[in-house]
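Trainee: What follows is upload.txt; its format and atoms are compact mmCIF, C-alpha atoms.
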# COMPACT_ATOMS: atom_id res chain seq x y z
CA MET A 12 3.69 19.91 21.17
CA ALA A 13 4.10 17.82 24.29
CA ALA A 14 7.67 17.20 25.32
CA SER A 15 8.91 13.62 25.19
CA GLY A 16 9.95 13.76 28.83
CA THR A 17 6.42 14.34 30.13
CA LEU A 18 5.56 11.92 32.95
CA SER A 19 1.95 12.85 33.70
CA THR A 20 -0.78 10.53 32.50
CA PHE A 21 -3.20 12.02 29.98
CA ARG A 22 -6.83 10.97 29.55
CA LEU A 23 -9.38 12.51 27.22
CA PRO A 24 -12.27 14.32 28.92
CA PRO A 25 -15.85 13.00 28.45
CA LEU A 26 -16.78 13.26 24.77
CA PRO A 27 -19.64 12.22 22.48
CA THR A 28 -19.35 8.56 21.48
CA ILE A 29 -18.10 7.67 18.00
CA ARG A 30 -21.65 6.72 17.06
CA GLU A 31 -22.83 10.14 18.23
CA ILE A 32 -20.04 11.85 16.26
CA ILE A 33 -21.19 10.00 13.14
CA LYS A 34 -24.75 11.23 13.70
CA LEU A 35 -23.68 14.75 14.66
CA PHE A 36 -21.67 15.31 11.48
CA ARG A 37 -23.95 13.11 9.34
CA LEU A 38 -21.11 10.81 8.39
CA HIS A 39 -21.45 7.63 6.41
CA ALA A 40 -18.87 5.19 5.10
CA ALA A 41 -18.10 5.77 1.42
CA LYS A 42 -18.31 2.44 -0.37
CA GLN A 43 -16.08 3.65 -3.22
CA LEU A 44 -13.36 4.35 -0.63
CA SER A 45 -13.94 0.95 1.06
CA GLN A 46 -14.40 2.67 4.43
CA ASN A 47 -15.47 0.72 7.53
CA PHE A 48 -15.76 2.33 10.97
CA LEU A 49 -14.74 0.59 14.20
CA LEU A 50 -17.00 1.94 16.93
CA ASP A 51 -16.18 -0.35 19.88
CA LEU A 52 -13.53 1.46 21.96
CA ARG A 53 -12.65 -1.79 23.71
CA LEU A 54 -11.45 -3.11 20.35
CA THR A 55 -9.64 0.10 19.41
CA ASP A 56 -7.93 0.02 22.82
CA LYS A 57 -6.89 -3.58 22.12
CA ILE A 58 -5.37 -2.66 18.75
CA VAL A 59 -3.40 0.16 20.36
CA ARG A 60 -2.16 -2.09 23.20
CA LYS A 61 -0.94 -4.59 20.58
CA ALA A 62 1.18 -1.81 19.06
CA GLY A 63 3.33 -1.81 22.22
CA ASN A 64 4.12 0.76 24.89
CA LEU A 65 3.17 4.15 23.45
CA THR A 66 4.01 6.26 26.51
CA ASN A 67 5.64 9.46 25.24
CA ALA A 68 5.72 8.01 21.73
CA TYR A 69 5.22 9.91 18.49
CA VAL A 70 2.47 8.22 16.49
CA TYR A 71 1.45 8.59 12.85
CA GLU A 72 -2.13 7.39 12.33
CA VAL A 73 -3.35 6.80 8.80
CA GLY A 74 -7.01 7.03 7.88
CA PRO A 75 -8.43 7.98 11.30
CA GLY A 76 -11.97 8.41 9.98
CA PRO A 77 -14.35 9.34 12.84
CA GLY A 78 -11.54 8.93 15.36
CA GLY A 79 -12.09 5.63 17.20
CA ILE A 80 -8.46 4.47 17.17
CA THR A 81 -7.42 8.11 17.50
CA ARG A 82 -9.05 8.27 20.95
CA SER A 83 -7.36 5.07 22.07
CA ILE A 84 -3.96 6.36 20.93
CA LEU A 85 -4.42 9.65 22.78
CA ASN A 86 -5.41 7.76 25.92
CA ALA A 87 -2.17 5.73 25.65
CA ASN A 88 -0.31 8.84 26.88
CA VAL A 89 1.55 9.60 23.65
CA ALA A 90 3.74 12.67 23.25
CA GLU A 91 2.19 13.56 19.90
CA LEU A 92 -0.27 12.07 17.44
CA LEU A 93 -0.22 13.07 13.78
CA VAL A 94 -3.27 11.99 11.77
CA VAL A 95 -3.56 12.14 7.98
CA GLU A 96 -7.11 12.00 6.64
CA LYS A 97 -8.06 12.30 2.98
CA ASP A 98 -11.83 12.61 3.49
CA SER A 99 -12.69 16.18 4.52
CA ARG A 100 -15.97 15.05 6.12
CA PHE A 101 -14.02 13.66 9.09
CA ILE A 102 -11.96 16.77 9.82
CA PRO A 103 -14.53 18.52 12.12
CA GLY A 104 -14.86 15.45 14.34
CA LEU A 105 -11.09 15.13 14.55
CA GLN A 106 -10.82 18.83 15.37
CA MET A 107 -13.13 18.20 18.33
CA LEU A 108 -10.61 15.61 19.56
CA SER A 109 -7.76 18.05 19.01
CA ASP A 110 -9.54 20.66 21.12
CA ALA A 111 -9.96 18.06 23.88
CA ALA A 112 -6.25 17.16 23.76
CA PRO A 113 -4.38 20.50 23.53
CA GLY A 114 -0.92 20.14 22.02
CA LYS A 115 -1.33 16.40 21.49
CA LEU A 116 -3.11 15.98 18.15
CA ARG A 117 -2.03 17.37 14.79
CA ILE A 118 -4.41 16.96 11.84
CA VAL A 119 -3.35 16.91 8.19
CA HIS A 120 -5.95 16.86 5.42
CA GLY A 121 -4.08 14.83 2.83
CA ASP A 122 -3.41 11.47 1.17
CA VAL A 123 -1.28 8.88 2.99
CA LEU A 124 0.03 7.63 -0.37
CA THR A 125 1.70 10.98 -1.06
CA PHE A 126 2.17 12.52 2.40
CA LYS A 127 5.83 13.15 3.31
CA ILE A 128 6.45 12.14 6.92
CA GLU A 129 10.24 12.53 6.82
CA ARG A 130 10.16 15.90 8.61
CA ALA A 131 6.95 15.46 10.60
CA PHE A 132 8.63 14.53 13.90
CA PRO A 133 11.65 15.93 15.79
CA GLU A 134 15.13 15.03 14.51
CA ILE A 135 16.10 13.91 18.02
CA LEU A 136 13.91 10.83 17.61
CA LYS A 137 16.15 9.37 14.91
CA ARG A 138 17.98 6.16 15.80
CA PRO A 139 20.74 4.30 13.94
CA TRP A 140 19.27 1.36 12.01
CA GLU A 141 21.17 -1.16 14.12
CA ASP A 142 19.73 0.24 17.38
CA ASP A 143 16.38 -0.59 18.96
CA PRO A 144 13.36 0.83 17.08
CA PRO A 145 12.70 4.55 17.62
CA ASN A 146 9.82 5.82 19.74
CA VAL A 147 7.83 6.38 16.53
CA HIS A 148 4.88 4.20 15.51
CA ILE A 149 2.52 3.92 12.55
CA ILE A 150 -1.00 2.75 13.38
CA GLY A 151 -4.01 2.59 11.09
CA ASN A 152 -7.34 1.04 10.20
CA LEU A 153 -6.65 1.07 6.47
CA PRO A 154 -9.36 1.20 3.81
CA PHE A 155 -9.12 -2.12 1.97
CA SER A 156 -8.65 -0.32 -1.36
CA VAL A 157 -5.32 1.23 -0.33
CA SER A 158 -3.96 -1.31 2.14
CA THR A 159 -1.91 -3.41 -0.31
CA PRO A 160 -0.39 -0.56 -2.40
CA LEU A 161 0.37 1.31 0.83
CA ILE A 162 2.18 -1.57 2.52
CA ILE A 163 4.20 -2.22 -0.67
CA LYS A 164 5.14 1.48 -0.71
CA TRP A 165 6.20 1.35 2.94
CA LEU A 166 8.15 -1.89 2.44
CA GLU A 167 10.10 -0.13 -0.30
CA ASN A 168 10.68 2.70 2.20
CA VAL A 169 12.00 0.10 4.68
CA SER A 170 14.39 -1.19 2.01
CA CYS A 171 15.63 2.34 1.21
CA ARG A 172 15.44 3.49 4.86
CA ASP A 173 13.50 6.59 3.86
CA GLY A 174 9.93 7.86 4.33
CA PRO A 175 8.72 6.85 7.83
CA PHE A 176 11.96 4.92 8.30
CA VAL A 177 14.31 7.89 8.32
CA TYR A 178 13.78 7.71 12.10
CA GLY A 179 15.04 4.10 12.21
CA ARG A 180 13.18 0.81 12.32
CA THR A 181 9.74 2.38 12.83
CA ARG A 182 7.11 -0.19 13.88
CA MET A 183 3.75 -0.47 12.12
CA THR A 184 0.43 -1.86 13.38
CA LEU A 185 -2.13 -1.98 10.57
CA THR A 186 -5.45 -3.56 9.65
CA PHE A 187 -6.03 -5.61 6.50
CA GLN A 188 -8.66 -7.96 5.15
CA LYS A 189 -8.06 -11.20 7.05
CA GLU A 190 -7.00 -12.94 3.83
CA VAL A 191 -4.35 -10.28 3.18
CA ALA A 192 -3.15 -10.51 6.80
CA GLU A 193 -2.78 -14.27 6.36
CA ARG A 194 -0.80 -13.79 3.14
CA LEU A 195 1.54 -11.29 4.80
CA THR A 196 2.38 -13.79 7.57
CA ALA A 197 2.07 -17.10 5.67
CA ASN A 198 4.70 -19.81 6.03
CA THR A 199 6.43 -21.48 3.08
CA GLY A 200 4.28 -24.24 1.61
CA SER A 201 0.97 -22.90 2.88
CA LYS A 202 -1.94 -22.07 0.57
CA GLN A 203 -1.67 -18.37 1.50
CA HIS A 204 2.09 -18.15 0.76
CA SER A 205 2.36 -15.43 -1.88
CA ARG A 206 4.18 -12.43 -3.27
CA LEU A 207 3.15 -10.41 -0.20
CA SER A 208 4.58 -13.07 2.14
CA ILE A 209 8.04 -12.81 0.59
CA MET A 210 8.07 -9.02 0.17
CA ALA A 211 7.06 -8.45 3.80
CA GLN A 212 9.09 -11.19 5.46
CA TYR A 213 12.40 -10.50 3.75
CA LEU A 214 12.36 -7.00 5.26
CA CYS A 215 10.36 -7.30 8.50
CA ASN A 216 9.38 -9.47 11.39
CA VAL A 217 5.65 -9.82 10.62
CA GLN A 218 3.01 -11.00 13.11
CA HIS A 219 -0.74 -11.47 12.71
CA ILE A 220 -1.59 -10.30 16.21
CA LEU A 221 -5.37 -10.04 16.22
CA THR A 222 -8.45 -10.95 14.20
CA ILE A 223 -11.53 -8.72 14.46
CA PRO A 224 -14.88 -10.07 13.25
CA GLY A 225 -16.42 -8.10 10.40
CA GLN A 226 -19.56 -7.53 12.45
CA ALA A 227 -17.56 -5.17 14.72
CA PHE A 228 -17.38 -2.65 11.87
CA VAL A 229 -19.97 -0.29 10.44
CA PRO A 230 -20.91 -0.99 7.73
CA LYS A 231 -20.10 -4.68 8.17
CA PRO A 232 -17.57 -5.81 5.55
CA GLU A 233 -17.99 -9.20 3.90
CA VAL A 234 -14.75 -10.39 5.50
CA ASP A 235 -13.10 -10.41 8.91
CA VAL A 236 -10.18 -8.08 9.58
CA GLY A 237 -6.63 -8.98 10.62
CA VAL A 238 -4.30 -6.70 12.59
CA VAL A 239 -0.66 -7.12 11.55
CA HIS A 240 2.44 -5.83 13.35
CA PHE A 241 5.65 -5.10 11.39
CA THR A 242 9.12 -4.55 12.85
CA PRO A 243 11.82 -3.88 10.22
CA LEU A 244 14.80 -6.23 10.45
CA VAL A 245 18.25 -4.88 11.21
CA ARG A 246 19.51 -6.78 8.17
CA PRO A 247 17.14 -7.74 5.32
CA ARG A 248 17.04 -11.42 4.43
CA ILE A 249 17.66 -10.50 0.78
CA GLU A 250 20.31 -7.84 0.27
CA GLN A 251 19.38 -6.62 -3.19
CA PRO A 252 17.50 -3.51 -4.43
CA PHE A 253 13.78 -3.59 -3.70
CA LYS A 254 12.77 -3.26 -7.38
CA LEU A 255 14.94 -6.26 -8.31
CA VAL A 256 13.46 -8.43 -5.55
CA GLU A 257 9.96 -7.28 -6.48
CA LYS A 258 10.50 -8.18 -10.14
CA VAL A 259 11.78 -11.69 -9.36
CA VAL A 260 8.99 -12.37 -6.86
CA GLN A 261 6.21 -10.95 -9.06
CA ASN A 262 7.30 -12.97 -12.07
CA THR A 263 7.51 -16.15 -10.03
CA PHE A 264 4.06 -15.87 -8.48
CA GLN A 265 2.20 -14.82 -11.63
CA PHE A 266 2.01 -18.54 -12.48
CA ARG A 267 1.52 -19.76 -8.93
CA ARG A 268 0.02 -23.13 -9.96
CA LYS A 269 2.82 -23.91 -12.40
CA TYR A 270 6.37 -25.01 -11.64
CA CYS A 271 8.53 -22.04 -10.64
CA TYR A 272 10.62 -22.17 -13.82
CA ARG A 273 7.54 -21.02 -15.76
CA GLY A 274 7.30 -17.63 -14.05
CA LEU A 275 11.05 -17.18 -13.67
CA GLY A 276 11.39 -17.68 -17.42
CA MET A 277 9.50 -14.43 -17.94
CA LEU A 278 12.57 -12.58 -16.62
CA PHE A 279 14.35 -13.33 -19.90
CA PRO A 280 13.81 -12.53 -23.60
CA GLN A 281 12.18 -15.37 -25.51
CA ILE A 282 15.22 -16.04 -27.68
CA HIS A 283 17.35 -16.92 -24.61
CA ARG A 284 14.55 -17.94 -22.22
CA VAL A 285 15.16 -21.67 -21.86
CA GLU A 286 18.92 -21.34 -21.55
CA SER A 287 18.87 -18.36 -19.16
CA THR A 288 16.16 -19.81 -16.92
CA GLY A 289 18.11 -23.05 -16.62
CA LYS A 290 21.25 -21.11 -15.74
CA LEU A 291 19.43 -19.05 -13.10
CA LEU A 292 17.94 -22.11 -11.39
CA GLU A 293 21.16 -24.10 -11.55
CA LEU A 294 23.37 -21.36 -10.10
CA ALA A 295 20.76 -20.57 -7.42
CA ASP A 296 20.47 -24.30 -6.60
CA VAL A 297 16.66 -24.19 -6.83
CA ASP A 298 14.62 -27.20 -7.97
CA PRO A 299 12.77 -26.07 -11.15
CA THR A 300 9.78 -28.29 -10.28
CA LEU A 301 8.96 -26.50 -7.03
CA ARG A 302 5.74 -24.50 -7.05
CA PRO A 303 6.02 -20.79 -6.16
CA SER A 304 4.29 -21.40 -2.81
CA GLN A 305 7.07 -23.88 -1.94
CA LEU A 306 9.83 -21.31 -2.37
CA SER A 307 11.19 -19.84 0.87
CA VAL A 308 12.80 -16.45 1.46
CA SER A 309 16.15 -18.29 1.28
CA HIS A 310 15.26 -19.63 -2.17
CA PHE A 311 14.41 -16.11 -3.31
CA LYS A 312 17.65 -14.78 -1.82
CA SER A 313 19.61 -17.19 -4.01
CA LEU A 314 17.50 -16.41 -7.08
CA CYS A 315 17.84 -12.64 -6.58
CA ASP A 316 21.60 -12.85 -6.02
CA VAL A 317 22.11 -14.84 -9.23
CA TYR A 318 19.69 -12.67 -11.23
CA ARG A 319 21.59 -9.58 -10.06
CA LYS A 320 24.85 -11.07 -11.42
CA MET A 321 23.14 -11.85 -14.71
CA CYS A 322 21.86 -8.26 -14.88
CA ASP A 323 25.36 -6.95 -14.18
CA GLU A 324 26.65 -9.05 -17.09
CA ASP A 325 23.85 -7.87 -19.41
CA PRO A 326 22.97 -4.19 -18.73
CA HIS A 327 19.72 -4.48 -20.76
CA LEU A 328 18.34 -7.49 -18.88
CA PHE A 329 16.75 -5.73 -15.91
CA ALA A 330 14.78 -3.41 -18.20
CA TYR A 331 13.34 -6.38 -20.12
CA ASN A 332 9.55 -6.72 -19.84
CA PHE A 333 8.00 -9.87 -21.31
CA ARG A 334 4.64 -8.13 -21.81
CA GLU A 335 6.29 -5.54 -24.04
CA GLU A 336 7.84 -8.33 -26.09
CA LEU A 337 4.41 -9.98 -26.41
CA LYS A 338 2.92 -6.70 -27.67
CA GLN A 339 5.72 -6.26 -30.20
CA ASN A 340 5.32 -9.83 -31.45
CA LYS A 341 1.56 -9.39 -31.82
CA SER A 342 2.11 -6.16 -33.71
CA LYS A 343 4.60 -7.85 -36.06
CA ASN A 344 2.22 -10.76 -36.66
CA GLN A 345 -0.59 -8.33 -37.42
CA GLU A 346 1.61 -6.50 -39.92
CA LYS A 347 2.40 -9.82 -41.64
CA GLU A 348 -1.31 -10.65 -41.87
CA ASP A 349 -2.03 -7.19 -43.28
CA ASP A 350 0.73 -7.65 -45.89
CA LYS A 351 -0.73 -11.01 -46.93
CA GLU A 352 -4.17 -9.47 -47.38
CA ARG A 353 -2.74 -6.62 -49.49
CA ASN A 354 -0.73 -9.02 -51.63
CA GLY A 355 -3.80 -11.22 -52.08
CA LEU A 356 -5.70 -8.22 -53.45
Translate this structure into structure tokens?
Mentor:
Amino acid sequence: MAASGTLSTFRLPPLPTIREIIKLFRLHAAKQLSQNFLLDLRLTDKIVRKAGNLTNAYVYEVGPGPGGITRSILNANVAELLVVEKDSRFIPGLQMLSDAAPGKLRIVHGDVLTFKIERAFPEILKRPWEDDPPNVHIIGNLPFSVSTPLIIKWLENVSCRDGPFVYGRTRMTLTFQKEVAERLTANTGSKQHSRLSIMAQYLCNVQHILTIPGQAFVPKPEVDVGVVHFTPLVRPRIEQPFKLVEKVVQNTFQFRRKYCYRGLGMLFPQIHRVESTGKLLELADVDPTLRPSQLSVSHFKSLCDVYRKMCDEDPHLFAYNFREELKQNKSKNQEKEDDKERNGL
């Protein structure tokens, strides 16, 4: 592959347009995979520019599809571009790009949710976490169906400093439905402030850098698209295990229109719920009548720190799942009803 010290500027030779590629290989967007193609290379160039300076960078593109953003990345003079595409229909068109960019483009037919990127790029690219971000980038026009589970997976990778983040604080530039992009970047107190806001912002600097109208895509989605840039923080704003933070945040926002004590109460078994929820809120110094959307990352830091201490004191607490308790209670009630019917007979 191209050496990172290369100084010459690379440009792709004349190629069929993306629209022509789609016709040539008889491609169509699969609705069940929520695929939407971006054909305007001016827009794909803009997305790539927003990712930062990619000269001699190593880039991991997810879901390249017919290769619109792929072309713009290659024209940004990268050292190497690795693309992972699940849909085999797109591989021939991507291979055409690879042939036009010898030694620049590596194609993997696989699933981004399971692909292991830890060893995909040279070890020399790795940077200590406290240093500037490495010259490694993730860029992708994500299918809407995988965008949220994928970003949650990668945020957990940020927390554990594994996956794409074994190289350091790898930056990500990704597309989402505009509503999801707004949730990821929402401020405390706003209507869009949600679970995603907290999970992203406690680990990363998150910016909604561009909105693309839905009409720019083929087929046109029912919503506009937001481009979001993530830079992992040197020090997370909540220094607790990802799964613990996720549990506290998920429970809080499941009753987003109620006071926060309602959702937080679901962290505790019913028999101790009132007492334990009161203790959590008191020690965390959080007003129980705040709505979930009014809780800041700082509030969640306090809640997670106190909940962690409570879990340390009670080793069974973290494993508690209120839904399991509900099921068990329903089962017991059903057994009682069955016993009554039998005794009545």
Trainee: Counting only C-alpha atoms, select every polymer residue within 10 Å of (6.4, -18.3, -10.6) as defined in the file's coordinates, and provide the selection as a VMD selection string.
Mentor: chain A and resid 206 259 to 277 301 to 304 306
Trainee: Return the single residue from A:Leu50, A:Val239, A:Ala211, A:Val234 that is closest to Phe253 of chain A, with distances computed using all atoms listed in the file.
Mentor: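 Closest to Phe253 of chain A of all the choices is A:Ala211.
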Trainee: So, counting only C-alpha atoms, which residue among A:Thr186, A:Ser309, A:Asn332, A:Gln218 is closest to Phe279 of chain A?
Mentor: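 Closest candidate: A:Asn332.
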Trainee: Which residue out of A:His204, A:Lys57, A:His219, A:Arg138 has the minimum interatomic distance to Gln188 of chain A when all atoms listed in the file are used?
Mentor: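 Ranking A:His204, A:Lys57, A:His219, A:Arg138 by distance to Gln188 of chain A, first place goes to A:His219.
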Trainee: What's around Tyr69 of chain A at 9 Å? Count all atoms listed in the file, leave out sequence neighbours fewer than 3 positions away in its own chain, and write the answer as JSON, numbers by chain.
Mentor: {"A": [15, 65, 66, 89, 90, 91, 92, 93, 132, 136, 146, 147, 148, 149]}
Trainee: Give me the residues within 12 Å of Pro113 of chain A as a PyMOL selection string, counting all atoms listed in the file and dropping any in the same chain fewer than 4 places off.
Mentor: chain A and resi 12-13+21-24+85+90-92+106-109+117
Trainee: Please provide the set of residues having any atom within 12 Å of Ser201 of chain A, restricted to all atoms listed in the file, with same-chain residues fewer than 2 positions apart removed, written as a list in words.
Mentor: Glu193, Arg194, Leu195, Thr196, Ala197, Asn198, Thr199, Gln203, His204, Ser205, Ser208, Arg302, Pro303, Ser304, Gln305, Leu306 and Ser307 of chain A
Trainee: Find, counting only C-alpha atoms, the residue in A:Tyr318, A:Tyr213, A:Phe329, A:Phe48 that gets nearest to Glu167 of chain A.
Mentor: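 Closest candidate: A:Tyr213.
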